[in-house]
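Visitor: I'd like to ask some things about the structure below.
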Amino acid sequence: MYSEDVYGKLRGWSEAGLLLTRNLLPLMSPVARHPGWKAEERETLGFLLSACARASESALLLVAYGQLWDAEVLVRSAFEGSLKSAYLLQSPATFEERHQQYRHDLFQIALLKGHTKVADLIGIMPENDHKSWRPYRDRLLSEEERAEISSRYPKAMRRALETKWGFTGLIGELSRSEDPLFSGFTGLADGYAMASHILHADIVGTAVPLDRDRRDEARRDAILLAHGVRLISDVHTCLQLRLGVGYRYIGQDPAPLIDAHQRIAALTESFGKVYEDWMGVEYPDG
């Protein structure tokens, strides 16, 4: 159990972060409603932007209740969705090809992978022709469909596309593009790696949270507050990334984004010097 002081601060800061996030989300409307989109393109962006917003809000709710490690996984989702938004909207010259890959090619590949997994599940179940298994059977492809997708997307192509659209692949391509909006993106890999440890429950992901809880109260509380503020800040960083690349793509006046940046900076400043406080407790001689 953490102290009520820590819980109170995390709850208050998270609520303030959530309120600001909700207040800033309407800034995405010019991007979502841009008249230049085809209906399918607008729907695709709606799917992606909504997923980012949901993950961000859920992460902030978890921070409010002190569940910081679980929030890491959702912030990872928000970051990945934001990177995919950025990659899609990096340039009008590449949008059509990237939209085809994201909306259609990766979807077909997912259908094929899902078929294999469902077929394995049904294959080991008794009475798998019972009505209760119909939701699973409906996900199976016909032999013709399976063969057609496999032929259109050979294994090497499937692997290349999935790698390209994975977190590491996106960071690498955006960083190598020399686009100033994505300078320094390789630095995101460390936080993503920690979230992966938590998600996959490997030895690092299971040991680090308990190591923190075993620290003395002063060290533990200081890092809890710094961790919580960093998660809130990450949510806002993701939002600013989506807004920035979206406004640039459609040629929207960026003035509202300057105000948004200032409001985010003011909120972060209101949390106090939690990182410096943690450093002073953790490294008193440094």
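Residues are referred to by chain and number: the chain letter is A, B, ... according to the order shown in the structure tokens, the number counts from 1 in that chain, and ligands are numbered separately from 1 in the order shown.
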Return as a tab-separated table the residues of stretch 9-76 of chain A lying at most 12 Å from stretch 191-213 of chain A, together with the closest atom-to-atom pair for each and the distance in Å to one decimal, counting only C-alpha atoms, with rows in chain order and ascending residue number.
Guide:
```
residue	atom	partner	partner_atom	distance
A:Gln67	CA	A:Pro209	CA	10.5
A:Leu68	CA	A:Pro209	CA	9.3
A:Trp69	CA	A:Ile198	CA	7.0
A:Asp70	CA	A:Ile198	CA	7.7
A:Ala71	CA	A:Ala195	CA	9.0
A:Glu72	CA	A:Ala195	CA	5.5
A:Val73	CA	A:Ala195	CA	5.3
A:Leu74	CA	A:Ala195	CA	8.6
A:Val75	CA	A:Ala195	CA	8.3
A:Arg76	CA	A:Tyr192	CA	6.0
```
Visitor: Among stretch 87-281 of chain A, which residues carry a DSSP assignment of helix (DSSP H, G or I), reported as number ranges by chain?
Guide: A: 87-88, 92-124, 131-137, 143-152, 155-164, 167-176, 180-182, 185-200, 203-213, 217-250, 255-270, 274-281
Visitor: Would you work out the distance separating atom CA of A:Tyr249 from atom CA of A:Gln90, expressed in Å to one decimal?
Guide: 6.9 Å
Visitor: Show me, as number ranges by chain, the residues that have an atom within 10 Å of A:Arg103 when counting only C-alpha atoms, minus same-chain residues fewer than 4 positions from it.
Guide: A: 40-41, 43-45, 98-99, 107-108
Visitor: Of the candidates A:Leu62, A:Ile232, A:Ala78, A:Val31, which shows the shortest atom-to-atom distance to A:Thr268, using only C-alpha atoms?
Guide: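 The answer is A:Ile232, which sits nearest to A:Thr268.
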Visitor: Which residue gives the smallest distance to A:Glu173 among A:Ala222, A:Ala86, A:Leu231, A:Leu61, with only C-alpha atoms counted?
Guide: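 For A:Glu173, the nearest of the candidates is A:Ala86.
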Visitor: Closest to A:Ala119 among A:Ser3, A:Ser142, A:Ser132, A:Gln100, using only C-alpha atoms?
Guide: A:Ser142
Visitor: Just want the 12 Å neighbourhood of A:Ser150, counted on only C-alpha atoms, with same-chain residues fewer than 2 positions away dropped. Output as a count of residues only.
Guide: 23
Visitor: What separation in Å, quoted to one decimal, exists between atom CA of A:Tyr102 and atom CA of A:Trp165?
Guide: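 According to the coordinates, atom CA of A:Tyr102 and atom CA of A:Trp165 are separated by 8.0 Å.
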Visitor: Would you mind telling me which residue in A:Val229, A:Leu49, A:Leu60, A:Leu174 lies nearest to A:Leu19 when using only C-alpha atoms?
Guide: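 Looking only at the distances to A:Leu19, the closest residue turns out to be A:Leu60.
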Visitor: Looking at A:Tyr2, A:Leu257, A:Gly46, A:Asp277, which one is nearest to A:His34, with distances taken over only C-alpha atoms?
Guide: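 Among A:Tyr2, A:Leu257, A:Gly46, A:Asp277, it is A:Gly46 that comes nearest to A:His34.
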